[in-house]
Amino acid sequence: MRWTLKTAPNKKKVNQLSNDLSVDPILASLLVQRNIDSFKKAKEFFRPSLEDLHDPFLLKDMDRAVSRIEKAIIDNENILIYGDYDVDGTTSVSLVSSYLKTITNHIATYIPDRYDEGYGISYQGIDFASDNNFSLIIALDCGIKAIEKVSYATQKNVDFIICDHHKPGDEIPKALAVLNPKRVDCTYPYKELCGCGVGFKLVHALASKRNQTIEDIQQYLDLVATAIAADIVPITGENRILTYYGLEVINSNPRNGIKAIIHQINKKKLTITDVVFIIAPRINAAGRIKHGNYAVELLTEMNYEAALDFAASIEKFNLDRKELDKKITYEALQQIESANEKEKFSTVVYSENWHKGVIGIVASRLIESFYRPTLVFTKSGNKLAASARSVKGFDVYEALNECSEFIEQFGGHKYAAGLTLDPKNYSAFKNKFEEVVKASIDKKLLIPEITIDLELELSEITPKFFRILQQMGPFGPQNMKPVFKTTSVRDNGYGKTVGSDKSHLKLNIIDGADKKTYNAIGFGLGNKIKSIKGDFDIAYSLDENEWKGNTSIQLILKDLKNT
């Protein structure tokens with residue numbers, strides 16, 4: 001792995017901030033690295049406020065969207081809340097439908113079938129709306145490229161309001177309103193909202209017209225925080241405020257569906273990491289294995305006992321998903337080995353028998369073994385569908401755009417995308433994608449990178465230091481948990497591999513300065529056991545470890561190298 005030390009922050013700014021905040025210069029350095037270089041910025045960072053959220057009417061077309069929804073409510077029109085089948089989509093649908101149901105009874109939800117309809121707005125969904133007398137569709141987390149679908153809906157006298165956050169194409173659909181901060185003609189101050197975030201802004205705007213305050217809709221932030229965590233959007237600006245308060249709701253008064261999931265895992269206080277790895281995969285499992293409707297039913301259920309039943313079903317889906325993920329990952333690795341493609345710059349694999357619901361997870365797993373842009377294809381009707389995942393620093397969306405001559409449709413982000421193509425174009429696409437990656441990727445990006453914030457002496461890790469460090473959360477993209485480097489440490493001689501497969505490394509590290517022992521765990525670093533002879537350098541983050549009622553600071557090792 002490449003260890004990259006961040007550029008040292010401006011010393012003058014660090015000293016000034018250290019004095020202004022009365023904090024350790026190391027903590028001040030971490031803040032300045034994050035562009036928090038004044039008392040005012042630090043106050044906003046450590047004390048997020050709902051009052052600092054932007055006016056939702058700054059989103060282009062928000063006034064049009066609200067007016068149309070108000071008209072629909074007054075005229076008792078049927079409104080269909082439509083969203084994608086992943087976490088961002090199902091939480092968005094749950095949020096907007098839950099709020100609108102407090103105003104009107106004429107609300108229904110629609111999640112497209114991953115296998116029969118595919119991603120985004122479908123003709124089947126529009127036909128369902130038309131056949132069942134829905135005159136307005138509010139589309140969430142999808143729709144920004146649905147030019148023909150929106151036109152088709154217009155012919156059927158169905159209006160569309162689109163709430164999306166994906167990158168728009170050259171043309172915007174001719175919907176009644178298109179809310180998307182990434183529109184080039186939208187001057188909204190914060191561009192990184194997820195789909196559920198855009199849905200929340202719509203609810204915020206509707207609520208303000210009813211003289212409701214932000215506190216009146218704070219109960220919906222458990223959904224927004226879950227979507228932000230799952231969709232891996234930057235946890236900066238508004239997203240950080242929404243996540244901060246969303247975690248408060250999750251830990252104090254979550255909706256029944258999230259409460260039921262928490263009940264199953266029996267954890268007292270959840271962090272953003274728990275949301276990413278515990279709550280989000282379970283919500284996602286519904287759409288991956290069965291149908292996204294299960295997730296919406298769970299997240300909108302008003303009866304706790306019924307929510308427990310839904311959560312139990314979804315837990316089974318999640319276990320099935322894990323088994324499929326393991327099996328398909330093994331088969332994909334075998335395919336790469338047998339085709340002798342280990343030296344390529346990209347990974348593209350295909351089997352018509354692979355489950356479409358887990359190919360995105362498998363793509364991420366393959367990157368753990370072969371660190372390069374990866375696509376996993378499977379059969380979807382008479383087409384091939386793929387999930388794409390990328391390595392840090394490489395824009396897979398742009399790479400796919402370079403291959404668009406072979407693609408029928410695609411969409412997504414810099415690091416994750418989805419696409420479909422005709423089976424006859426698979427080989428040509430695979431060759432072209434490899435060409436594009438080979439020609440454009442900086443070769444160092446093919447080696448995993450650990451970005452290190454600062455060098456640290458272990459003796460500098462005090463309870464106060466750790467307490468303030470925790471207050472820098474919630475952590476996520478563009479506000480990652482700080483990673484430190486300490487040089488020339490030793491194991492106390494009792495270092496060992498742990499876990500059922502001995503894949504983890506457990507050490508008691510001795511600092512050369514004060515001879516104190518520090519508890520450390522390196523998940524997946526069991527193969528480094530031979531590197532702990534003599535002095536070695538460590539890259540790590542800090543976390544709290546609870547054991548038999550006692551809590552202590554633990555080093556979470558990212559990597560280690562012999563000195």
# chains A, B, ... in the order shown; residues from 1 in each chain; ligands from 1

call {"tool": "residues_around", "arguments": {"residues": "Val376 of chain A", "least_positions_apart": "3", "cutoff": "9 Å", "atoms": "only C-alpha atoms", "output": "mmCIF file with N, CA and C atoms, in the first residue's frame"}}
result
data_model
loop_
_atom_site.group_PDB
_atom_site.id
_atom_site.type_symbol
_atom_site.label_atom_id
_atom_site.label_comp_id
_atom_site.auth_asym_id
_atom_site.auth_seq_id
_atom_site.Cartn_x
_atom_site.Cartn_y
_atom_site.Cartn_z
ATOM 1 N N ALA A 332 -16.126 -15.304 -9.676
ATOM 2 C CA ALA A 332 -15.513 -14.216 -10.446
ATOM 3 C C ALA A 332 -13.992 -14.247 -10.330
ATOM 4 N N THR A 347 -10.923 -4.770 -14.595
ATOM 5 C CA THR A 347 -11.542 -6.081 -14.417
ATOM 6 C C THR A 347 -12.940 -6.021 -15.008
ATOM 7 N N VAL A 348 -13.223 -6.901 -15.967
ATOM 8 C CA VAL A 348 -14.577 -7.022 -16.519
ATOM 9 C C VAL A 348 -14.904 -8.508 -16.570
ATOM 10 N N VAL A 349 -15.907 -8.927 -15.795
ATOM 11 C CA VAL A 349 -16.285 -10.344 -15.739
ATOM 12 C C VAL A 349 -17.781 -10.485 -15.995
ATOM 13 N N TYR A 350 -18.178 -11.689 -16.422
ATOM 14 C CA TYR A 350 -19.594 -11.904 -16.770
ATOM 15 C C TYR A 350 -19.998 -13.360 -16.583
ATOM 16 N N SER A 351 -21.184 -13.553 -16.055
ATOM 17 C CA SER A 351 -21.850 -14.859 -16.082
ATOM 18 C C SER A 351 -23.348 -14.608 -16.104
ATOM 19 N N ILE A 359 -24.326 -7.892 -7.777
ATOM 20 C CA ILE A 359 -23.127 -7.681 -8.609
ATOM 21 C C ILE A 359 -22.353 -6.423 -8.220
ATOM 22 N N GLY A 360 -23.045 -5.428 -7.654
ATOM 23 C CA GLY A 360 -22.324 -4.234 -7.192
ATOM 24 C C GLY A 360 -21.419 -4.546 -6.014
ATOM 25 N N VAL A 362 -20.193 -7.498 -5.361
ATOM 26 C CA VAL A 362 -19.115 -8.359 -5.879
ATOM 27 C C VAL A 362 -18.029 -7.502 -6.532
ATOM 28 N N ALA A 363 -18.436 -6.470 -7.270
ATOM 29 C CA ALA A 363 -17.451 -5.576 -7.895
ATOM 30 C C ALA A 363 -16.541 -4.959 -6.836
ATOM 31 N N ALA A 385 -26.526 -6.544 -17.959
ATOM 32 C CA ALA A 385 -26.482 -5.426 -17.011
ATOM 33 C C ALA A 385 -25.210 -5.546 -16.181
ATOM 34 N N ALA A 386 -24.654 -4.398 -15.827
ATOM 35 C CA ALA A 386 -23.408 -4.411 -15.046
ATOM 36 C C ALA A 386 -23.437 -3.358 -13.953
ATOM 37 N N SER A 387 -22.708 -3.638 -12.891
ATOM 38 C CA SER A 387 -22.382 -2.645 -11.868
ATOM 39 C C SER A 387 -20.902 -2.349 -11.985
ATOM 40 N N ALA A 388 -20.577 -1.063 -11.945
ATOM 41 C CA ALA A 388 -19.178 -0.633 -12.042
ATOM 42 C C ALA A 388 -18.742 -0.017 -10.716
ATOM 43 N N ARG A 389 -17.523 -0.320 -10.304
ATOM 44 C CA ARG A 389 -16.925 0.306 -9.128
ATOM 45 C C ARG A 389 -15.511 0.737 -9.503
#

call {"tool": "residues_around", "arguments": {"residues": "Asp491 of chain A", "least_positions_apart": "5", "cutoff": "6 Å", "atoms": "only C-alpha atoms", "output": "list in words"}}
result
Asn508, Ile509 and Ile510 of chain A

call {"tool": "select_by_dssp", "arguments": {"residues": "segment 95-182 of chain A", "states": "strand (DSSP E or B)", "output": "VMD selection string"}}
result
chain A and resid 107 to 110 134 to 140 159 to 163 177 to 179

call {"tool": "select_by_dssp", "arguments": {"residues": "segment 369-506 of chain A", "states": "helix (DSSP H, G or I)", "output": "ChimeraX atom specification"}}
result
/A:369,396-402,404-406,423-440,443-446,458-460,463-470

call {"tool": "residues_around", "arguments": {"residues": "Phe429 of chain A", "least_positions_apart": "5", "cutoff": "9 Å", "atoms": "only C-alpha atoms", "output": "PyMOL selection string"}}
result
chain A and resi 403-407+421+434

call {"tool": "closest_residue", "arguments": {"among": "A:Thr486, A:Ser252, A:Gln124, A:Ser346", "to": "Lys443 of chain A", "atoms": "only C-alpha atoms"}}
result
A:Ser346

call {"tool": "atom_distance", "arguments": {"atom1": "atom CA of Gly524 of chain A", "atom2": "atom CA of Lys502 of chain A"}}
result
8.8 Å

call {"tool": "closest_residue", "arguments": {"among": "A:Leu384, A:Phe523, A:Pro254, A:Ile103", "to": "Glu301 of chain A", "atoms": "only C-alpha atoms"}}
result
A:Pro254

call {"tool": "closest_atom_pairs", "arguments": {"of": "segment 25-131 of chain A", "to": "segment 452-461 of chain A", "cutoff": "9 Å", "atoms": "only C-alpha atoms", "output": "tab-separated table"}}
result
residue	atom	partner	partner_atom	distance
A:Ile26	CA	A:Leu454	CA	8.0
A:Ser29	CA	A:Leu454	CA	8.3
A:Leu30	CA	A:Asp453	CA	7.1
A:Gln33	CA	A:Asp453	CA	8.1

call {"tool": "atom_distance", "arguments": {"atom1": "atom CA of Ala520 of chain A", "atom2": "atom CA of Gln554 of chain A"}}
result
5.6 Å

call {"tool": "atom_distance", "arguments": {"atom1": "atom CA of Lys156 of chain A", "atom2": "atom CA of Asn78 of chain A"}}
result
14.6 Å

call {"tool": "residues_around", "arguments": {"residues": "Lys316 of chain A", "least_positions_apart": "5", "cutoff": "9 Å", "atoms": "only C-alpha atoms", "output": "list in words"}}
result
Ala285, Ala311 and Arg321 of chain A

call {"tool": "closest_atom_pairs", "arguments": {"of": "segment 232-272 of chain A", "to": "segment 83-95 of chain A", "cutoff": "12 Å", "atoms": "only C-alpha atoms", "output": "CSV"}}
result
residue,atom,partner,partner_atom,distance
A:Ile232,CA,A:Asp88,CA,10.2
A:Val233,CA,A:Asp88,CA,10.8
A:Arg255,CA,A:Leu95,CA,10.8
A:Gly257,CA,A:Ser94,CA,10.7
A:Ile258,CA,A:Thr91,CA,11.0

call {"tool": "closest_residue", "arguments": {"among": "A:Met1, A:Ile367, A:Leu319, A:Ala65", "to": "Leu333 of chain A", "atoms": "only C-alpha atoms"}}
result
A:Ile367

call {"tool": "residues_around", "arguments": {"residues": "Ser541 of chain A", "least_positions_apart": "6", "cutoff": "8 Å", "atoms": "only C-alpha atoms", "output": "list in words"}}
result
Lys481, Pro482, Val483, Phe484, Leu555, Ile556, Leu557 and Lys558 of chain A

call {"tool": "write_last_selection", "arguments": {"atoms": "N, CA and C atoms", "output": "compact mmCIF listing (two decimals), in the first residue's frame"}}
result
# COMPACT_ATOMS: atom_id res chain seq x y z
N LYS A 481 -12.35 9.87 9.07
CA LYS A 481 -11.75 9.71 10.39
C LYS A 481 -10.23 9.87 10.25
N PRO A 482 -9.60 10.72 11.06
CA PRO A 482 -8.16 10.96 10.91
C PRO A 482 -7.33 9.67 11.00
N VAL A 483 -6.32 9.60 10.15
CA VAL A 483 -5.38 8.48 10.15
C VAL A 483 -4.00 9.03 10.54
N PHE A 484 -3.38 8.37 11.47
CA PHE A 484 -2.08 8.82 11.98
C PHE A 484 -0.97 7.83 11.63
N LEU A 555 -6.14 1.26 18.95
CA LEU A 555 -5.58 1.62 17.65
C LEU A 555 -6.15 0.66 16.60
N ILE A 556 -6.76 1.22 15.56
CA ILE A 556 -7.28 0.41 14.46
C ILE A 556 -6.24 0.49 13.33
N LEU A 557 -5.43 -0.56 13.20
CA LEU A 557 -4.33 -0.54 12.24
C LEU A 557 -4.83 -0.60 10.80
N LYS A 558 -4.29 0.27 9.97
CA LYS A 558 -4.59 0.26 8.53
C LYS A 558 -3.50 -0.50 7.77

call {"tool": "closest_residue", "arguments": {"among": "A:Gln219, A:Asn303, A:Asn284, A:Ser22", "to": "Ala260 of chain A", "atoms": "only C-alpha atoms"}}
result
A:Asn303

call {"tool": "closest_residue", "arguments": {"among": "A:Val489, A:Ile314, A:Lys530, A:Gln471", "to": "Phe46 of chain A", "atoms": "only C-alpha atoms"}}
result
A:Gln471

call {"tool": "residues_around", "arguments": {"residues": "segment 136-152 of chain A", "least_positions_apart": "2", "cutoff": "9 Å", "atoms": "only C-alpha atoms", "output": "PyMOL selection string"}}
result
chain A and resi 68-69+72+77-84+88-90+92-93+96+119-123+126+129+134+154-169+171-175+178+180+194-196+198-199+411

call {"tool": "write_last_selection", "arguments": {"atoms": "N, CA and C atoms", "output": "compact mmCIF listing (two decimals), in the first residue's frame"}}
result
# COMPACT_ATOMS: atom_id res chain seq x y z
N ARG A 68 -47.50 22.73 -7.54
CA ARG A 68 -48.19 21.60 -8.17
C ARG A 68 -48.68 20.60 -7.12
N ILE A 69 -47.87 20.33 -6.11
CA ILE A 69 -48.28 19.40 -5.05
C ILE A 69 -49.45 19.98 -4.26
N ALA A 72 -52.55 19.50 -6.20
CA ALA A 72 -52.97 18.10 -6.15
C ALA A 72 -53.67 17.79 -4.83
N GLU A 77 -56.19 14.91 -5.87
CA GLU A 77 -55.57 14.08 -6.92
C GLU A 77 -54.79 12.95 -6.27
N ASN A 78 -54.67 11.86 -6.99
CA ASN A 78 -53.82 10.75 -6.53
C ASN A 78 -52.37 11.05 -6.89
N ILE A 79 -51.49 10.92 -5.89
CA ILE A 79 -50.05 11.21 -6.09
C ILE A 79 -49.27 9.92 -5.87
N LEU A 80 -48.41 9.59 -6.84
CA LEU A 80 -47.59 8.38 -6.75
C LEU A 80 -46.14 8.77 -6.42
N ILE A 81 -45.65 8.27 -5.31
CA ILE A 81 -44.26 8.55 -4.90
C ILE A 81 -43.40 7.41 -5.40
N TYR A 82 -42.51 7.73 -6.34
CA TYR A 82 -41.75 6.74 -7.11
C TYR A 82 -40.27 6.88 -6.78
N GLY A 83 -39.60 5.76 -6.50
CA GLY A 83 -38.16 5.87 -6.20
C GLY A 83 -37.39 4.62 -6.54
N ASP A 84 -36.09 4.77 -6.57
CA ASP A 84 -35.19 3.65 -6.89
C ASP A 84 -35.25 2.61 -5.79
N ASP A 88 -30.93 4.81 -0.89
CA ASP A 88 -31.26 6.22 -1.13
C ASP A 88 -32.68 6.35 -1.67
N GLY A 89 -33.04 5.48 -2.61
CA GLY A 89 -34.37 5.55 -3.21
C GLY A 89 -35.48 5.16 -2.26
N THR A 90 -35.31 4.06 -1.53
CA THR A 90 -36.38 3.60 -0.64
C THR A 90 -36.55 4.51 0.58
N SER A 92 -35.96 7.73 0.46
CA SER A 92 -36.58 8.92 -0.12
C SER A 92 -38.10 8.75 -0.24
N VAL A 93 -38.49 7.59 -0.78
CA VAL A 93 -39.92 7.30 -0.95
C VAL A 93 -40.61 7.25 0.41
N VAL A 96 -40.89 11.06 1.84
CA VAL A 96 -41.86 11.95 1.18
C VAL A 96 -43.28 11.41 1.34
N TYR A 119 -33.31 -0.07 -13.44
CA TYR A 119 -33.09 1.16 -12.69
C TYR A 119 -33.94 2.31 -13.21
N GLY A 120 -34.38 3.15 -12.31
CA GLY A 120 -35.00 4.42 -12.68
C GLY A 120 -36.46 4.32 -13.09
N ILE A 121 -36.91 5.36 -13.75
CA ILE A 121 -38.31 5.44 -14.16
C ILE A 121 -38.56 4.44 -15.29
N SER A 122 -39.67 3.71 -15.18
CA SER A 122 -39.99 2.69 -16.19
C SER A 122 -41.31 3.00 -16.86
N TYR A 123 -41.47 2.46 -18.08
CA TYR A 123 -42.75 2.60 -18.76
C TYR A 123 -43.84 1.88 -17.97
N ILE A 126 -45.13 4.15 -15.28
CA ILE A 126 -46.00 5.21 -15.82
C ILE A 126 -47.36 4.62 -16.20
N ALA A 129 -49.38 4.21 -13.12
CA ALA A 129 -49.94 5.49 -12.68
C ALA A 129 -51.17 5.87 -13.51
N PHE A 134 -53.52 8.07 -11.28
CA PHE A 134 -52.55 8.96 -10.65
C PHE A 134 -52.20 10.06 -11.66
N THR A 154 -46.34 12.50 -20.20
CA THR A 154 -47.09 13.69 -20.61
C THR A 154 -48.21 13.32 -21.57
N GLN A 155 -47.90 12.42 -22.50
CA GLN A 155 -48.94 11.94 -23.45
C GLN A 155 -50.09 11.26 -22.72
N LYS A 156 -49.79 10.70 -21.55
CA LYS A 156 -50.83 10.00 -20.77
C LYS A 156 -51.43 10.90 -19.69
N ASN A 157 -51.15 12.21 -19.78
CA ASN A 157 -51.68 13.20 -18.83
C ASN A 157 -51.25 12.94 -17.38
N VAL A 158 -50.00 12.48 -17.25
CA VAL A 158 -49.41 12.29 -15.93
C VAL A 158 -48.26 13.29 -15.78
N ASP A 159 -48.36 14.16 -14.77
CA ASP A 159 -47.31 15.14 -14.53
C ASP A 159 -46.17 14.51 -13.72
N PHE A 160 -44.97 15.05 -13.94
CA PHE A 160 -43.79 14.57 -13.22
C PHE A 160 -43.12 15.70 -12.44
N ILE A 161 -42.74 15.39 -11.20
CA ILE A 161 -41.79 16.21 -10.44
C ILE A 161 -40.60 15.30 -10.17
N ILE A 162 -39.42 15.70 -10.61
CA ILE A 162 -38.21 14.89 -10.45
C ILE A 162 -37.34 15.47 -9.35
N CYS A 163 -36.97 14.63 -8.39
CA CYS A 163 -36.03 15.01 -7.32
C CYS A 163 -34.83 14.07 -7.45
N ASP A 164 -33.73 14.56 -7.97
CA ASP A 164 -32.58 13.68 -8.23
C ASP A 164 -31.30 14.40 -7.84
N HIS A 165 -30.23 13.64 -7.76
CA HIS A 165 -28.93 14.23 -7.43
C HIS A 165 -27.83 13.71 -8.35
N HIS A 166 -28.21 12.84 -9.30
CA HIS A 166 -27.22 12.31 -10.24
C HIS A 166 -26.88 13.36 -11.29
N LYS A 167 -25.75 13.17 -11.91
CA LYS A 167 -25.25 14.13 -12.89
C LYS A 167 -26.20 14.22 -14.09
N PRO A 168 -26.70 15.40 -14.44
CA PRO A 168 -27.61 15.51 -15.59
C PRO A 168 -26.86 15.34 -16.91
N GLY A 169 -27.59 14.94 -17.93
CA GLY A 169 -27.04 14.91 -19.29
C GLY A 169 -27.15 16.29 -19.91
N GLU A 171 -29.44 17.31 -21.84
CA GLU A 171 -30.84 17.73 -21.88
C GLU A 171 -31.52 17.35 -20.57
N ILE A 172 -32.35 18.28 -20.06
CA ILE A 172 -33.13 18.03 -18.84
C ILE A 172 -34.53 17.56 -19.26
N PRO A 173 -35.07 16.53 -18.60
CA PRO A 173 -36.43 16.09 -18.95
C PRO A 173 -37.44 17.23 -18.83
N LYS A 174 -38.43 17.21 -19.69
CA LYS A 174 -39.46 18.27 -19.68
C LYS A 174 -40.54 17.94 -18.65
N ALA A 175 -40.10 17.79 -17.42
CA ALA A 175 -41.02 17.56 -16.31
C ALA A 175 -41.56 18.89 -15.82
N VAL A 178 -37.95 20.02 -11.99
CA VAL A 178 -36.78 19.15 -11.86
C VAL A 178 -35.88 19.72 -10.77
N ASN A 180 -32.68 19.37 -8.75
CA ASN A 180 -31.38 18.70 -8.75
C ASN A 180 -30.30 19.77 -8.59
N CYS A 194 -27.78 13.91 -1.31
CA CYS A 194 -28.17 12.63 -1.89
C CYS A 194 -29.63 12.74 -2.33
N GLY A 195 -30.19 11.69 -2.90
CA GLY A 195 -31.57 11.73 -3.36
C GLY A 195 -32.53 12.00 -2.23
N CYS A 196 -32.32 11.33 -1.09
CA CYS A 196 -33.17 11.53 0.08
C CYS A 196 -33.02 12.95 0.62
N VAL A 198 -32.52 15.62 -1.26
CA VAL A 198 -33.36 16.45 -2.13
C VAL A 198 -34.82 16.26 -1.75
N GLY A 199 -35.22 15.01 -1.45
CA GLY A 199 -36.58 14.75 -0.99
C GLY A 199 -36.89 15.50 0.30
N GLY A 411 -25.55 5.28 -16.05
CA GLY A 411 -25.67 6.43 -15.16
C GLY A 411 -24.91 6.14 -13.88

call {"tool": "decode", "arguments": {"residues": "segment 493-508 of chain A", "atoms": "N, CA and C atoms", "output": "PDB file, in the first residue's frame"}}
result
ATOM      1  N   GLY A 493       5.586  -8.719  22.256  1.00  0.00           N
ATOM      2  CA  GLY A 493       5.955 -10.135  22.175  1.00  0.00           C
ATOM      3  C   GLY A 493       4.773 -11.079  22.207  1.00  0.00           C
ATOM      4  N   TYR A 494       3.587 -10.524  22.426  1.00  0.00           N
ATOM      5  CA  TYR A 494       2.387 -11.371  22.500  1.00  0.00           C
ATOM      6  C   TYR A 494       1.460 -11.155  21.297  1.00  0.00           C
ATOM      7  N   GLY A 495       1.964 -10.505  20.246  1.00  0.00           N
ATOM      8  CA  GLY A 495       1.177 -10.296  19.036  1.00  0.00           C
ATOM      9  C   GLY A 495       0.734 -11.613  18.430  1.00  0.00           C
ATOM     10  N   LYS A 496      -0.501 -11.646  17.928  1.00  0.00           N
ATOM     11  CA  LYS A 496      -1.023 -12.912  17.385  1.00  0.00           C
ATOM     12  C   LYS A 496      -2.090 -12.645  16.340  1.00  0.00           C
ATOM     13  N   THR A 497      -2.374 -13.674  15.543  1.00  0.00           N
ATOM     14  CA  THR A 497      -3.493 -13.601  14.606  1.00  0.00           C
ATOM     15  C   THR A 497      -4.734 -14.106  15.327  1.00  0.00           C
ATOM     16  N   VAL A 498      -5.878 -13.467  15.022  1.00  0.00           N
ATOM     17  CA  VAL A 498      -7.134 -13.833  15.674  1.00  0.00           C
ATOM     18  C   VAL A 498      -8.243 -13.940  14.630  1.00  0.00           C
ATOM     19  N   GLY A 499      -9.389 -14.408  15.089  1.00  0.00           N
ATOM     20  CA  GLY A 499     -10.523 -14.619  14.188  1.00  0.00           C
ATOM     21  C   GLY A 499     -10.599 -16.076  13.786  1.00  0.00           C
ATOM     22  N   SER A 500     -11.773 -16.504  13.327  1.00  0.00           N
ATOM     23  CA  SER A 500     -11.975 -17.911  12.982  1.00  0.00           C
ATOM     24  C   SER A 500     -11.019 -18.378  11.893  1.00  0.00           C
ATOM     25  N   ASP A 501     -10.643 -17.458  10.993  1.00  0.00           N
ATOM     26  CA  ASP A 501      -9.721 -17.816   9.911  1.00  0.00           C
ATOM     27  C   ASP A 501      -8.331 -17.197  10.110  1.00  0.00           C
ATOM     28  N   LYS A 502      -8.110 -16.665  11.322  1.00  0.00           N
ATOM     29  CA  LYS A 502      -6.804 -16.062  11.665  1.00  0.00           C
ATOM     30  C   LYS A 502      -6.416 -14.922  10.706  1.00  0.00           C
ATOM     31  N   SER A 503      -7.427 -14.191  10.239  1.00  0.00           N
ATOM     32  CA  SER A 503      -7.141 -13.148   9.241  1.00  0.00           C
ATOM     33  C   SER A 503      -6.856 -11.787   9.875  1.00  0.00           C
ATOM     34  N   HIS A 504      -7.057 -11.660  11.189  1.00  0.00           N
ATOM     35  CA  HIS A 504      -6.853 -10.375  11.850  1.00  0.00           C
ATOM     36  C   HIS A 504      -5.601 -10.414  12.730  1.00  0.00           C
ATOM     37  N   LEU A 505      -5.062  -9.245  12.985  1.00  0.00           N
ATOM     38  CA  LEU A 505      -3.815  -9.136  13.746  1.00  0.00           C
ATOM     39  C   LEU A 505      -4.071  -8.369  15.037  1.00  0.00           C
ATOM     40  N   LYS A 506      -3.767  -8.978  16.163  1.00  0.00           N
ATOM     41  CA  LYS A 506      -3.957  -8.314  17.456  1.00  0.00           C
ATOM     42  C   LYS A 506      -2.597  -8.096  18.101  1.00  0.00           C
ATOM     43  N   LEU A 507      -2.318  -6.835  18.446  1.00  0.00           N
ATOM     44  CA  LEU A 507      -1.008  -6.488  19.010  1.00  0.00           C
ATOM     45  C   LEU A 507      -1.161  -5.672  20.276  1.00  0.00           C
ATOM     46  N   ASN A 508      -0.118  -5.712  21.087  1.00  0.00           N
ATOM     47  CA  ASN A 508       0.048  -4.767  22.192  1.00  0.00           C
ATOM     48  C   ASN A 508       1.321  -4.008  21.886  1.00  0.00           C
TER      49      ASN A 508
END
